[in-house]
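Q: Below is structure13.txt; it holds compact mmCIF, C-alpha atoms.
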# COMPACT_ATOMS: atom_id res chain seq x y z
CA MET A 944 5.29 56.22 106.89
CA LYS A 945 5.80 53.14 109.03
CA ILE A 946 7.12 49.67 108.32
CA ASP A 947 7.13 46.38 110.23
CA ILE A 948 10.14 45.32 112.26
CA LEU A 949 11.26 41.69 112.24
CA ASN A 950 13.50 39.88 114.66
CA GLN A 951 16.19 37.49 113.47
CA GLU A 952 13.73 34.61 113.81
CA GLY A 953 11.66 36.26 111.08
CA LYS A 954 8.74 37.17 113.35
CA LYS A 955 7.05 40.57 113.35
CA LEU A 956 7.40 42.69 116.45
CA LYS A 957 4.43 44.56 117.86
CA SER A 958 6.00 47.93 117.23
CA LYS A 959 6.72 49.54 113.86
CA ILE A 960 9.40 52.01 112.86
CA GLU A 961 8.93 55.39 111.22
CA LEU A 962 10.70 55.99 107.90
CA SER A 963 11.48 59.56 106.92
CA ASN A 964 9.72 60.65 103.72
CA ASN A 965 12.80 62.70 102.85
CA VAL A 966 14.93 59.55 102.82
CA PHE A 967 12.67 56.63 101.93
CA GLY A 968 9.88 58.42 100.09
CA ILE A 969 11.48 60.68 97.47
CA GLU A 970 11.39 60.37 93.68
CA PRO A 971 14.62 58.47 92.86
CA ASN A 972 17.14 60.48 90.86
CA ASP A 973 18.81 57.92 88.60
CA HIS A 974 21.39 60.38 87.26
CA CYS A 975 22.70 61.17 90.74
CA VAL A 976 22.95 57.44 91.43
CA TYR A 977 24.91 57.03 88.19
CA LEU A 978 27.32 59.86 89.08
CA ALA A 979 27.90 58.54 92.61
CA VAL A 980 28.49 54.92 91.54
CA LYS A 981 30.75 56.03 88.67
CA SER A 982 32.84 58.07 91.13
CA GLU A 983 33.05 55.20 93.64
CA MET A 984 34.10 52.69 90.97
CA ALA A 985 36.70 55.08 89.55
CA ALA A 986 38.20 55.63 93.02
CA LEU A 987 38.90 51.88 93.26
CA ARG A 988 41.23 51.99 90.25
CA GLN A 989 44.93 51.99 91.16
CA GLY A 990 46.03 54.01 88.16
CA THR A 991 49.52 52.48 88.26
CA SER A 992 49.71 51.15 84.66
CA SER A 993 52.77 52.46 82.88
CA SER A 994 54.69 51.91 79.64
CA LYS A 995 57.99 53.36 78.44
CA THR A 996 58.06 56.18 75.94
CA ARG A 997 60.78 56.58 73.32
CA ALA A 998 62.70 58.70 75.81
CA GLU A 999 62.72 55.89 78.39
CA VAL A 1000 63.55 52.72 76.41
CA SER A 1001 67.17 51.62 76.12
CA GLY A 1002 69.07 52.53 72.99
CA THR A 1003 71.21 55.25 71.52
CA GLY A 1004 69.98 58.50 70.13
CA LYS A 1005 72.37 58.29 67.23
CA LYS A 1006 71.03 58.03 63.69
CA PRO A 1007 71.55 54.32 62.72
CA TRP A 1008 72.71 55.07 59.15
CA LYS A 1009 72.99 58.04 56.88
CA GLN A 1010 69.90 59.56 55.33
CA LYS A 1011 70.68 58.72 51.69
CA GLY A 1012 72.63 56.29 49.60
CA THR A 1013 72.09 53.01 51.50
CA GLY A 1014 68.97 51.84 49.62
CA ARG A 1015 67.12 51.43 52.89
CA ALA A 1016 64.34 53.49 54.35
CA ARG A 1017 65.39 56.61 56.18
CA ILE A 1018 65.33 56.43 59.97
CA GLY A 1019 66.24 58.89 62.67
CA SER A 1020 66.22 56.70 65.81
CA THR A 1021 66.14 53.04 66.84
CA ARG A 1022 63.79 54.03 69.65
CA ASN A 1023 61.03 55.08 67.24
CA PRO A 1024 57.62 53.60 68.31
CA SER A 1025 57.21 52.01 64.89
CA ARG A 1026 60.31 49.82 65.35
CA VAL A 1027 60.88 46.66 67.37
CA HIS A 1028 61.98 47.50 70.93
CA GLY A 1029 60.92 51.11 70.36
CA GLY A 1030 58.97 53.12 72.91
CA SER A 1031 55.19 53.30 73.16
CA ALA A 1032 53.56 56.17 71.30
CA PHE A 1033 50.42 56.58 73.39
CA GLY A 1034 50.87 54.02 76.16
CA PRO A 1035 49.38 54.28 79.68
CA LYS A 1036 50.99 56.40 82.37
CA PRO A 1037 50.19 56.56 86.11
CA ARG A 1038 47.19 58.78 86.72
CA ASN A 1039 44.48 59.58 89.25
CA TYR A 1040 41.02 58.36 88.24
CA ASN A 1041 39.13 60.07 91.07
CA LEU A 1042 36.01 61.96 90.01
CA LYS A 1043 34.68 64.80 92.13
CA VAL A 1044 31.03 64.53 93.10
CA ASN A 1045 29.36 67.12 95.31
CA PHE A 1046 28.19 66.04 98.75
CA LYS A 1047 24.56 66.87 97.96
CA VAL A 1048 24.68 64.64 94.89
CA LYS A 1049 26.11 61.75 96.92
CA ASN A 1050 23.50 62.27 99.60
CA LEU A 1051 20.67 62.37 97.06
CA ALA A 1052 22.03 59.23 95.40
CA LYS A 1053 21.87 57.25 98.64
CA ARG A 1054 18.38 58.52 99.43
CA SER A 1055 17.32 57.64 95.88
CA VAL A 1056 18.50 54.06 96.30
CA LEU A 1057 16.76 53.72 99.68
CA SER A 1058 13.54 55.14 98.26
CA SER A 1059 13.70 52.86 95.22
CA LYS A 1060 14.27 49.81 97.42
CA TYR A 1061 11.34 50.77 99.63
CA GLN A 1062 9.02 51.38 96.67
CA ASN A 1063 9.92 47.99 95.21
CA LYS A 1064 9.51 46.27 98.59
CA LYS A 1065 13.17 45.25 98.66
CA ILE A 1066 13.85 46.53 102.17
CA ILE A 1067 13.60 44.55 105.41
CA ILE A 1068 13.96 46.13 108.84
CA ILE A 1069 15.22 44.01 111.74
CA ASP A 1070 15.56 45.02 115.36
CA LYS A 1071 19.11 43.68 115.68
CA ILE A 1072 21.28 40.74 114.71
CA THR A 1073 23.44 38.88 117.22
CA LEU A 1074 25.16 35.51 117.40
CA SER A 1075 26.69 33.86 120.44
CA ASN A 1076 29.21 31.93 118.33
CA PRO A 1077 30.82 32.52 114.92
CA LYS A 1078 28.99 29.81 112.94
CA THR A 1079 28.00 30.11 109.30
CA LYS A 1080 25.23 27.59 109.94
CA ASP A 1081 23.62 29.92 112.48
CA PHE A 1082 23.80 32.86 110.10
CA LEU A 1083 22.24 30.78 107.31
CA ALA A 1084 19.38 30.03 109.69
CA ILE A 1085 18.76 33.78 110.06
CA LEU A 1086 18.67 34.18 106.27
CA LYS A 1087 16.14 31.36 106.01
CA ASN A 1088 14.02 32.91 108.77
CA LEU A 1089 13.97 36.18 106.82
CA LYS A 1090 13.32 34.26 103.56
CA VAL A 1091 16.33 35.77 101.79
CA ASP A 1092 18.60 32.71 101.72
CA SER A 1093 18.47 32.53 97.90
CA ALA A 1094 18.82 36.29 97.23
CA LYS A 1095 21.85 38.54 97.01
CA THR A 1096 21.58 40.43 100.28
CA THR A 1097 23.29 43.39 101.90
CA PHE A 1098 23.04 44.08 105.63
CA LEU A 1099 23.49 47.71 106.69
CA LEU A 1100 24.23 47.66 110.42
CA LYS A 1101 25.10 50.56 112.73
CA SER A 1102 27.80 48.40 114.30
CA ILE A 1103 29.04 45.00 113.21
CA ASP A 1104 29.38 42.26 115.81
CA GLU A 1105 32.51 40.16 115.31
CA ASN A 1106 30.60 36.87 115.46
CA VAL A 1107 28.17 38.12 112.81
CA PHE A 1108 31.02 39.18 110.54
CA LEU A 1109 32.90 35.89 110.91
CA SER A 1110 29.72 33.87 110.36
CA SER A 1111 28.85 35.63 107.11
CA ARG A 1112 32.18 36.22 105.40
CA ASN A 1113 32.15 32.88 103.54
CA LEU A 1114 28.73 33.53 101.98
CA PHE A 1115 29.33 35.02 98.53
CA LYS A 1116 25.77 36.38 98.22
CA VAL A 1117 25.90 38.24 101.54
CA SER A 1118 27.59 41.56 102.35
CA ILE A 1119 27.67 43.27 105.73
CA VAL A 1120 28.51 46.98 105.82
CA GLU A 1121 28.50 49.60 108.55
CA SER A 1122 25.77 52.12 107.77
CA ASN A 1123 27.98 55.19 108.22
CA ARG A 1124 30.55 53.75 105.77
CA ALA A 1125 28.15 52.38 103.16
CA SER A 1126 28.57 53.63 99.62
CA THR A 1127 25.85 54.04 97.03
CA TYR A 1128 27.21 50.95 95.28
CA ASP A 1129 26.93 48.91 98.51
CA MET A 1130 23.26 49.87 98.72
CA ILE A 1131 22.36 49.15 95.11
CA ASP A 1132 24.42 46.01 94.47
CA ASN A 1133 21.88 43.56 95.92
CA GLU A 1134 18.38 42.17 95.59
CA ILE A 1135 17.39 42.69 99.22
CA LEU A 1136 18.59 45.43 101.58
CA ILE A 1137 18.33 44.68 105.30
CA LEU A 1138 18.67 47.48 107.86
CA ASP A 1139 18.68 47.32 111.62
CA GLN A 1140 16.75 49.85 113.70
CA LYS A 1141 19.75 51.99 114.54
CA THR A 1142 20.62 52.24 110.85
CA VAL A 1143 17.13 53.49 110.05
CA GLU A 1144 17.49 56.12 112.76
CA PHE A 1145 20.88 57.07 111.30
CA PHE A 1146 19.42 57.58 107.81
CA ASN A 1147 16.38 59.39 109.16
CA ASN A 1148 18.76 61.92 110.70
CA GLN A 1149 20.37 62.43 107.27
CA SER A 1150 17.08 63.75 105.84
CA ASN A 1151 18.21 67.35 106.31
CA GLY A 1152 21.31 66.68 104.17
CA ASN A 1153 23.79 67.00 107.04
Any chance you could put this one into structure tokens?

A:
Amino acid sequence: MKIDILNQEGKKLKSKIELSNNVFGIEPNDHCVYLAVKSEMAALRQGTSSSKTRAEVSGTGKKPWKQKGTGRARIGSTRNPSRVHGGSAFGPKPRNYNLKVNFKVKNLAKRSVLSSKYQNKKIIIIDKITLSNPKTKDFLAILKNLKVDSAKTTFLLKSIDENVFLSSRNLFKVSIVESNRASTYDMIDNEILILDQKTVEFFNNQSNGN
């Protein structure tokens, strides 16, 4: 299947680009997308939260008073979790939140997102994007030319020009990601997905799962 190519002025080029059916034309697998995004979000967690157990808080291990005869409740330690300044019973400890997801599942998740975006007409293909100077105003002009200035947009580019990056970094609705480093979440967390030609070629080559 073929799709129109636009330039950064928003005009159609004479040529079209071929989209691989194995990447942009499959039946989206929502469960694979869920597993991939869940894994990516979990990997962002630091896992450094920690609280002191009864073995770690300050205080003696001696029994505060004898078991019987004082008229008070029996107690074995001042570090008991039920007492003030005692340790935590089931508090957080440093841990690794990473979730293992097979490569084929990750690959299918990305292809599912691309196919879903294509089916819903939420993909735009541009030939390339370049700026001579790092100006946000110039980048906004490109968004207006592509009629996406009011939408949350992600650009997947094979390589990111420094001027393009600097011009877009202050726009909270715009993300620019290198195609070979894009996660499933990068692809799905937007209203419009914009790919350059080299990115399309890159994804077309992923159709065999390699």

Q: Have a look at CA of Ile1068 in chain A and CA of Asp973 in chain A and let me know their distance in Å, one decimal.

A: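 Distance between the two atoms: 23.9 Å.
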
Q: Give me, as JSON lines, the closest atom pair and its distance (Å, one decimal) for every residue of range 995-1040 of chain A within a cut-off of 9 Å of range 986-990 of chain A, counting all atoms listed in the file, rows sorted by chain and rising number.

A:
{"residue": "A:Lys1036", "atom": "CA", "partner": "A:Gly990", "partner_atom": "CA", "distance": 8.0}
{"residue": "A:Pro1037", "atom": "CA", "partner": "A:Gly990", "partner_atom": "CA", "distance": 5.3}
{"residue": "A:Arg1038", "atom": "CA", "partner": "A:Gly990", "partner_atom": "CA", "distance": 5.1}
{"residue": "A:Asn1039", "atom": "CA", "partner": "A:Gly990", "partner_atom": "CA", "distance": 5.9}
{"residue": "A:Tyr1040", "atom": "CA", "partner": "A:Ala986", "partner_atom": "CA", "distance": 6.2}

Q: Could you tell me which of A:Leu956, A:Ile1103, A:Ile1137, A:Ala1052 comes closest to Ile1085 in chain A if we count only C-alpha atoms?

A: A:Ile1137

Q: Please report the interatomic distance between CA of Leu1089 in chain A and CA of Lys1116 in chain A in Å with one decimal.

A: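 That distance, rounded to one decimal, is 14.6 Å.
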
Q: At what distance in Å, to one decimal, does CA of Leu1051 in chain A lie from CA of Lys1071 in chain A?

A: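 Pair CA of Lys1071 in chain A / CA of Leu1051 in chain A returns 26.4 Å.
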
Q: Tell me which of A:Lys1053, A:Asn1106, A:Ser1093, A:Asn1076 sits closest to Asn1123 in chain A, counting all atoms listed in the file.

A: A:Lys1053

Q: Find the spatial neighbours of range 1001-1013 of chain A, counting only C-alpha atoms, within a cut-off of 12 Å - ignore same-chain residues fewer than 5 positions away - and output them as number ranges by chain.

A: A: 995-996, 1018-1023, 1026-1030

Q: Using only C-alpha atoms, what residues lie at most 12 Å away from (23.2, 57.9, 89.4) (file coordinates), given as an mmCIF file with C-alpha atoms, keeping the file's coordinate frame?

A:
data_model
loop_
_atom_site.group_PDB
_atom_site.id
_atom_site.type_symbol
_atom_site.label_atom_id
_atom_site.label_comp_id
_atom_site.auth_asym_id
_atom_site.auth_seq_id
_atom_site.Cartn_x
_atom_site.Cartn_y
_atom_site.Cartn_z
ATOM 1 C CA PRO A 971 14.620 58.470 92.860
ATOM 2 C CA ASN A 972 17.140 60.480 90.860
ATOM 3 C CA ASP A 973 18.810 57.920 88.600
ATOM 4 C CA HIS A 974 21.390 60.380 87.260
ATOM 5 C CA CYS A 975 22.700 61.170 90.740
ATOM 6 C CA VAL A 976 22.950 57.440 91.430
ATOM 7 C CA TYR A 977 24.910 57.030 88.190
ATOM 8 C CA LEU A 978 27.320 59.860 89.080
ATOM 9 C CA ALA A 979 27.900 58.540 92.610
ATOM 10 C CA VAL A 980 28.490 54.920 91.540
ATOM 11 C CA LYS A 981 30.750 56.030 88.670
ATOM 12 C CA SER A 982 32.840 58.070 91.130
ATOM 13 C CA GLU A 983 33.050 55.200 93.640
ATOM 14 C CA VAL A 1044 31.030 64.530 93.100
ATOM 15 C CA VAL A 1048 24.680 64.640 94.890
ATOM 16 C CA LYS A 1049 26.110 61.750 96.920
ATOM 17 C CA ASN A 1050 23.500 62.270 99.600
ATOM 18 C CA LEU A 1051 20.670 62.370 97.060
ATOM 19 C CA ALA A 1052 22.030 59.230 95.400
ATOM 20 C CA LYS A 1053 21.870 57.250 98.640
ATOM 21 C CA ARG A 1054 18.380 58.520 99.430
ATOM 22 C CA SER A 1055 17.320 57.640 95.880
ATOM 23 C CA VAL A 1056 18.500 54.060 96.300
ATOM 24 C CA THR A 1127 25.850 54.040 97.030
ATOM 25 C CA TYR A 1128 27.210 50.950 95.280
ATOM 26 C CA ILE A 1131 22.360 49.150 95.110
#

Q: So that I can check the surroundings of Glu1144 in chain A, please list as an MDAnalysis selection string every protein, DNA and RNA residue that reaches within 9 Å of it, counting only C-alpha atoms and ignoring chain neighbours fewer than 5 positions away.

A: chainID A and resid 961:962 1139 1149

Q: Can you tell me, as a ChimeraX atom specification, what residues are no more than 12 Å from Ile1072 in chain A when counting all atoms listed in the file, ignoring any on the same chain fewer than 2 positions away?

A: /A:949-953,1068-1070,1074-1075,1081-1082,1084-1086,1089,1098-1108,1110-1111,1119,1137-1141

Q: Return the padded bounding box of range 1024-1033 of chain A as JSON: axis-aligned, built from all atoms listed in the file, 8 Å added on each side, with centre and edge lengths in Å to one decimal.

A:
{"center_x": 56.2, "center_y": 51.6, "center_z": 69.1, "size_x": 27.6, "size_y": 25.9, "size_z": 24.5}

Q: Which residue, A:Leu1057, A:Val1000, A:Ile1066, A:Met1130, has the smallest gap to Ser963 in chain A when you use all atoms listed in the file?

A: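 Among the listed residues, A:Leu1057 lies closest to Ser963 in chain A.
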
Q: Let me make sure I understand: among A:Asn964, A:Ser994, A:Thr1097, A:Asn1113, which one has the smallest atom-to-atom distance to Met944 in chain A if we use only C-alpha atoms?

A: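 Selected residue with least distance to Met944 in chain A: A:Asn964.
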
Q: Skipping near chain neighbours, those fewer than 6 positions away, what residues fall within 12 Å of Lys1064 in chain A using all atoms listed in the file, listed as a PyMOL selection string?

A: chain A and resi 946-947+967+1057-1058+1134-1137

Q: Dump range 1026-1041 of chain A with N, CA and C atoms to a file, as a compact mmCIF listing (two decimals), in the first residue's frame.

A:
# COMPACT_ATOMS: atom_id res chain seq x y z
N ARG A 1026 4.64 0.61 68.10
CA ARG A 1026 4.98 1.68 69.04
C ARG A 1026 5.57 2.88 68.31
N VAL A 1027 5.47 4.05 68.96
CA VAL A 1027 6.07 5.26 68.41
C VAL A 1027 7.58 5.06 68.27
N HIS A 1028 8.12 5.49 67.15
CA HIS A 1028 9.54 5.36 66.81
C HIS A 1028 9.95 3.90 66.55
N GLY A 1029 8.96 3.02 66.43
CA GLY A 1029 9.27 1.64 66.09
C GLY A 1029 9.54 1.49 64.59
N GLY A 1030 10.00 0.33 64.19
CA GLY A 1030 10.27 0.09 62.77
C GLY A 1030 9.00 -0.12 61.97
N SER A 1031 9.14 -0.11 60.65
CA SER A 1031 8.01 -0.37 59.76
C SER A 1031 7.81 -1.87 59.61
N ALA A 1032 6.55 -2.29 59.64
CA ALA A 1032 6.26 -3.72 59.54
C ALA A 1032 6.40 -4.21 58.10
N PHE A 1033 5.76 -3.49 57.18
CA PHE A 1033 5.79 -3.93 55.77
C PHE A 1033 6.12 -2.73 54.87
N GLY A 1034 7.11 -1.96 55.27
CA GLY A 1034 7.49 -0.77 54.50
C GLY A 1034 8.22 -1.11 53.22
N PRO A 1035 8.39 -0.12 52.33
CA PRO A 1035 9.08 -0.35 51.04
C PRO A 1035 10.57 -0.60 51.23
N LYS A 1036 11.12 -1.39 50.34
CA LYS A 1036 12.56 -1.64 50.29
C LYS A 1036 13.02 -1.51 48.83
N PRO A 1037 14.28 -1.13 48.61
CA PRO A 1037 14.75 -1.02 47.22
C PRO A 1037 14.51 -2.30 46.44
N ARG A 1038 14.01 -2.13 45.21
CA ARG A 1038 13.72 -3.30 44.38
C ARG A 1038 13.80 -2.92 42.91
N ASN A 1039 13.89 -3.92 42.07
CA ASN A 1039 13.94 -3.74 40.62
C ASN A 1039 12.54 -3.99 40.05
N TYR A 1040 12.00 -3.00 39.35
CA TYR A 1040 10.65 -3.11 38.81
C TYR A 1040 10.63 -3.60 37.36
N ASN A 1041 11.78 -3.89 36.79
CA ASN A 1041 11.83 -4.29 35.38
C ASN A 1041 10.99 -5.54 35.12
